[in-house]
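Note sheet for the following structure.
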Amino acid sequence: MTETGSLHVATPTDNEIVMTRSFDAPRSRVWDAYTTPELLKRWLLGPPGWSMSVCDMDLREGGAYRWAWRSDADGTEFGLGGVYREVAAPDRLVATEQFDQAWYPGEAVVSIDLTEAGGRTTLTQTIRYESQTARDVALKSDMEKGVAISYDRLADLLTSQGASAMANH
C-alpha cells in the first residue's frame with residue numbers, strides 16, 4: 001500500500017487498484033459532488049492546468065457517461081466513457097471505463113463505495129482491470145498523482161466554503 005497525501009492506494013488482487021480517501025462531509029454531499037456534473041467539473045480535473053470540457057451523465061443503470069478534459073496550455077484533449085452498471089444513491093456507483101485513446105489494454109470497471117461515520121465519509125474507489133498487465137500499466141502512470149490532486153480539490157469543495165458553493169450549483 002502506498003499513500004499520496006491523504007490518498008491510500010492498495011493492490012489487493014492481480015488486476016485491481018483500490019484507492020481510499022476520507023472527507024469531512026456527510027455521504028450525501030460526497031455523492032452529490034460525484035454525481036452532479038456542475039460539481040464534478042469543479043474537482044475532477046487531475047493536474048493543474050486542465051479543465052473538464054465535457055461532462056455528460058445519464059445517471060441510471062444502463063445509462064452512459066462521457067467525460068473529456070482539455071489542457072489550458074496547448075489544447076490537448078483526452079476523454080473516456082462508459083456505462084453505469086449500478087447506481088445506489090448515496091452508497092455505491094459502478095461503471096465501466098474506457099479511454100478514447102487507450103493507454104492501458106481493455107476496459108475497466110470502477111466502483112465507488114461511500115461509507116459514513118460521525119459525519120465523515122470514506123470513499124473507496126476500486127478499479128478492476130481486464131488483466132494484471134493493464135493494472136500494472138495504470139500503476140506506472142501518473143494516475144495516482146492525478147487522483148490525489150482531484151480528491152484534494154474535492155475535499156476543498158466539501159469544506160464549509162465549498163458547501164455554500166455546492167448549494168448554489
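Within each chain, counting starts at residue 1; across the C-alpha cells, chains are named A, B, ... in the order shown, with ligands numbered 1 upward in that order.
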
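Residues within 7 Å of region 141-156 of chain A, counting only C-alpha atoms and excluding same-chain residues fewer than 4 positions away, are Thr4, Leu7, Phe23, Trp43, Leu44, Leu45, Gly46, Pro47, Val137 and Gly162 of chain A.
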
* Asked: Skipping near chain neighbours, those fewer than 6 positions away, what residues fall within 10 Å of region 111-126 of chain A using only C-alpha atoms, listed as a ChimeraX atom specification?
  -> /A:7-12,16-31,34,84-96,151

* Asked: For Glu38 (chain A), which of A:Asp100, A:Arg128, A:Leu157, A:Thr13 is the closest residue, counting only C-alpha atoms?
  ->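 Closest candidate: A:Leu157.
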
* To do: From region 12-129 of chain A, collect each residue whose DSSP state is strand (DSSP E) and return the set as a PyMOL selection string.
  => chain A and resi 16-23+50-57+64-71+77-88+92-99+108-117+120-128

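One distance worth recording is that between CA of Tyr129 (chain A) and CA of Tyr65 (chain A), which is 18.6 Å.
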
* Asked: What separation in Å, quoted to one decimal, exists between CA of Arg70 (chain A) and CA of Trp50 (chain A)?
  ->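 Separation between CA of Arg70 (chain A) and CA of Trp50 (chain A): 5.5 Å.
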
* Those in chain A with helix (DSSP H, G or I) from DSSP, as JSON, numbers by chain -> {"A": [27, 28, 29, 30, 31, 32, 33, 34, 35, 37, 38, 39, 40, 41, 42, 43, 132, 133, 134, 135, 136, 137, 138, 139, 140, 143, 144, 145, 146, 147, 148, 149, 150, 151, 152, 153, 154, 155, 156, 157, 158, 160, 161, 162, 163, 164, 165, 166, 167]}

Could you write those residues out with C-alpha atoms, as a compact mmCIF listing (two decimals), in the first residue's frame?
# COMPACT_ATOMS: atom_id res chain seq x y z
CA ARG A 27 -22.04 10.87 2.49
CA SER A 28 -24.92 12.65 0.73
CA ARG A 29 -22.70 15.66 -0.05
CA VAL A 30 -19.88 13.46 -1.35
CA TRP A 31 -22.41 11.57 -3.50
CA ASP A 32 -23.74 14.85 -4.90
CA ALA A 33 -20.22 16.05 -5.72
CA TYR A 34 -19.54 12.77 -7.54
CA THR A 35 -22.83 12.63 -9.47
CA PRO A 37 -21.99 17.43 -13.50
CA GLU A 38 -21.72 21.06 -12.34
CA LEU A 39 -19.90 19.92 -9.19
CA LEU A 40 -17.83 17.18 -10.84
CA LYS A 41 -16.42 19.78 -13.26
CA ARG A 42 -15.05 21.72 -10.27
CA TRP A 43 -12.86 18.97 -8.85
CA GLN A 132 -2.60 -7.71 -14.47
CA THR A 133 -0.79 -6.12 -17.41
CA ALA A 134 -3.45 -3.39 -17.66
CA ARG A 135 -3.34 -2.81 -13.90
CA ASP A 136 0.45 -2.57 -13.94
CA VAL A 137 0.38 -0.03 -16.78
CA ALA A 138 -2.02 2.08 -14.70
CA LEU A 139 0.20 1.77 -11.61
CA LYS A 140 3.22 3.02 -13.57
CA MET A 143 -2.88 8.23 -12.36
CA GLU A 144 -2.32 8.06 -8.60
CA LYS A 145 -0.98 11.63 -8.54
CA GLY A 146 -3.91 12.92 -10.62
CA VAL A 147 -6.45 11.17 -8.39
CA ALA A 148 -4.79 12.58 -5.26
CA ILE A 149 -4.90 16.12 -6.69
CA SER A 150 -8.55 15.73 -7.70
CA TYR A 151 -9.53 14.34 -4.31
CA ASP A 152 -7.75 17.27 -2.63
CA ARG A 153 -9.95 19.55 -4.75
CA LEU A 154 -13.00 17.53 -3.73
CA ALA A 155 -12.04 17.94 -0.06
CA ASP A 156 -11.81 21.71 -0.60
CA LEU A 157 -15.21 21.73 -2.31
CA LEU A 158 -16.71 19.87 0.64
CA SER A 160 -17.73 24.96 4.68
CA GLN A 161 -16.81 27.42 1.92
CA GLY A 162 -17.37 24.66 -0.66
CA ALA A 163 -20.64 23.68 0.99
CA SER A 164 -22.14 27.08 0.25
CA ALA A 165 -20.81 26.87 -3.32
CA MET A 166 -22.35 23.40 -3.63
CA ALA A 167 -25.72 24.76 -2.53

* Which of these, A:Glu130, A:Glu61, A:Glu77, A:Asp56, has the shortest distance to Gln101 (chain A) once you count only C-alpha atoms? -> A:Glu77

Thr76 (chain A) environment, 12 Å, only C-alpha atoms, sequence neighbours closer than 5 positions dropped, as a PDB file with N, CA and C atoms, in the first residue's frame:
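Final output, part-v2.pdb:
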ATOM      1  N   GLY A  49      -4.000  23.076 -14.599  1.00  0.00           N
ATOM      2  CA  GLY A  49      -3.892  23.470 -15.997  1.00  0.00           C
ATOM      3  C   GLY A  49      -4.813  22.695 -16.925  1.00  0.00           C
ATOM      4  N   TRP A  50      -5.695  21.869 -16.361  1.00  0.00           N
ATOM      5  CA  TRP A  50      -6.659  21.129 -17.165  1.00  0.00           C
ATOM      6  C   TRP A  50      -8.063  21.544 -16.759  1.00  0.00           C
ATOM      7  N   SER A  51      -8.982  21.496 -17.702  1.00  0.00           N
ATOM      8  CA  SER A  51     -10.384  21.763 -17.418  1.00  0.00           C
ATOM      9  C   SER A  51     -11.219  20.627 -18.008  1.00  0.00           C
ATOM     10  N   MET A  52     -12.381  20.425 -17.438  1.00  0.00           N
ATOM     11  CA  MET A  52     -13.279  19.387 -17.930  1.00  0.00           C
ATOM     12  C   MET A  52     -14.181  20.031 -18.976  1.00  0.00           C
ATOM     13  N   SER A  53     -13.990  19.641 -20.230  1.00  0.00           N
ATOM     14  CA  SER A  53     -14.737  20.252 -21.333  1.00  0.00           C
ATOM     15  C   SER A  53     -16.049  19.544 -21.619  1.00  0.00           C
ATOM     16  N   ALA A  68     -14.562  14.497 -20.817  1.00  0.00           N
ATOM     17  CA  ALA A  68     -13.369  14.861 -21.581  1.00  0.00           C
ATOM     18  C   ALA A  68     -12.697  16.047 -20.887  1.00  0.00           C
ATOM     19  N   TRP A  69     -11.383  16.097 -21.035  1.00  0.00           N
ATOM     20  CA  TRP A  69     -10.574  17.157 -20.438  1.00  0.00           C
ATOM     21  C   TRP A  69      -9.750  17.829 -21.519  1.00  0.00           C
ATOM     22  N   ARG A  70      -9.383  19.081 -21.231  1.00  0.00           N
ATOM     23  CA  ARG A  70      -8.616  19.879 -22.186  1.00  0.00           C
ATOM     24  C   ARG A  70      -7.502  20.601 -21.440  1.00  0.00           C
ATOM     25  N   SER A  71      -6.312  20.563 -22.015  1.00  0.00           N
ATOM     26  CA  SER A  71      -5.181  21.295 -21.458  1.00  0.00           C
ATOM     27  C   SER A  71      -5.352  22.769 -21.778  1.00  0.00           C
TER      28      SER A  71
END
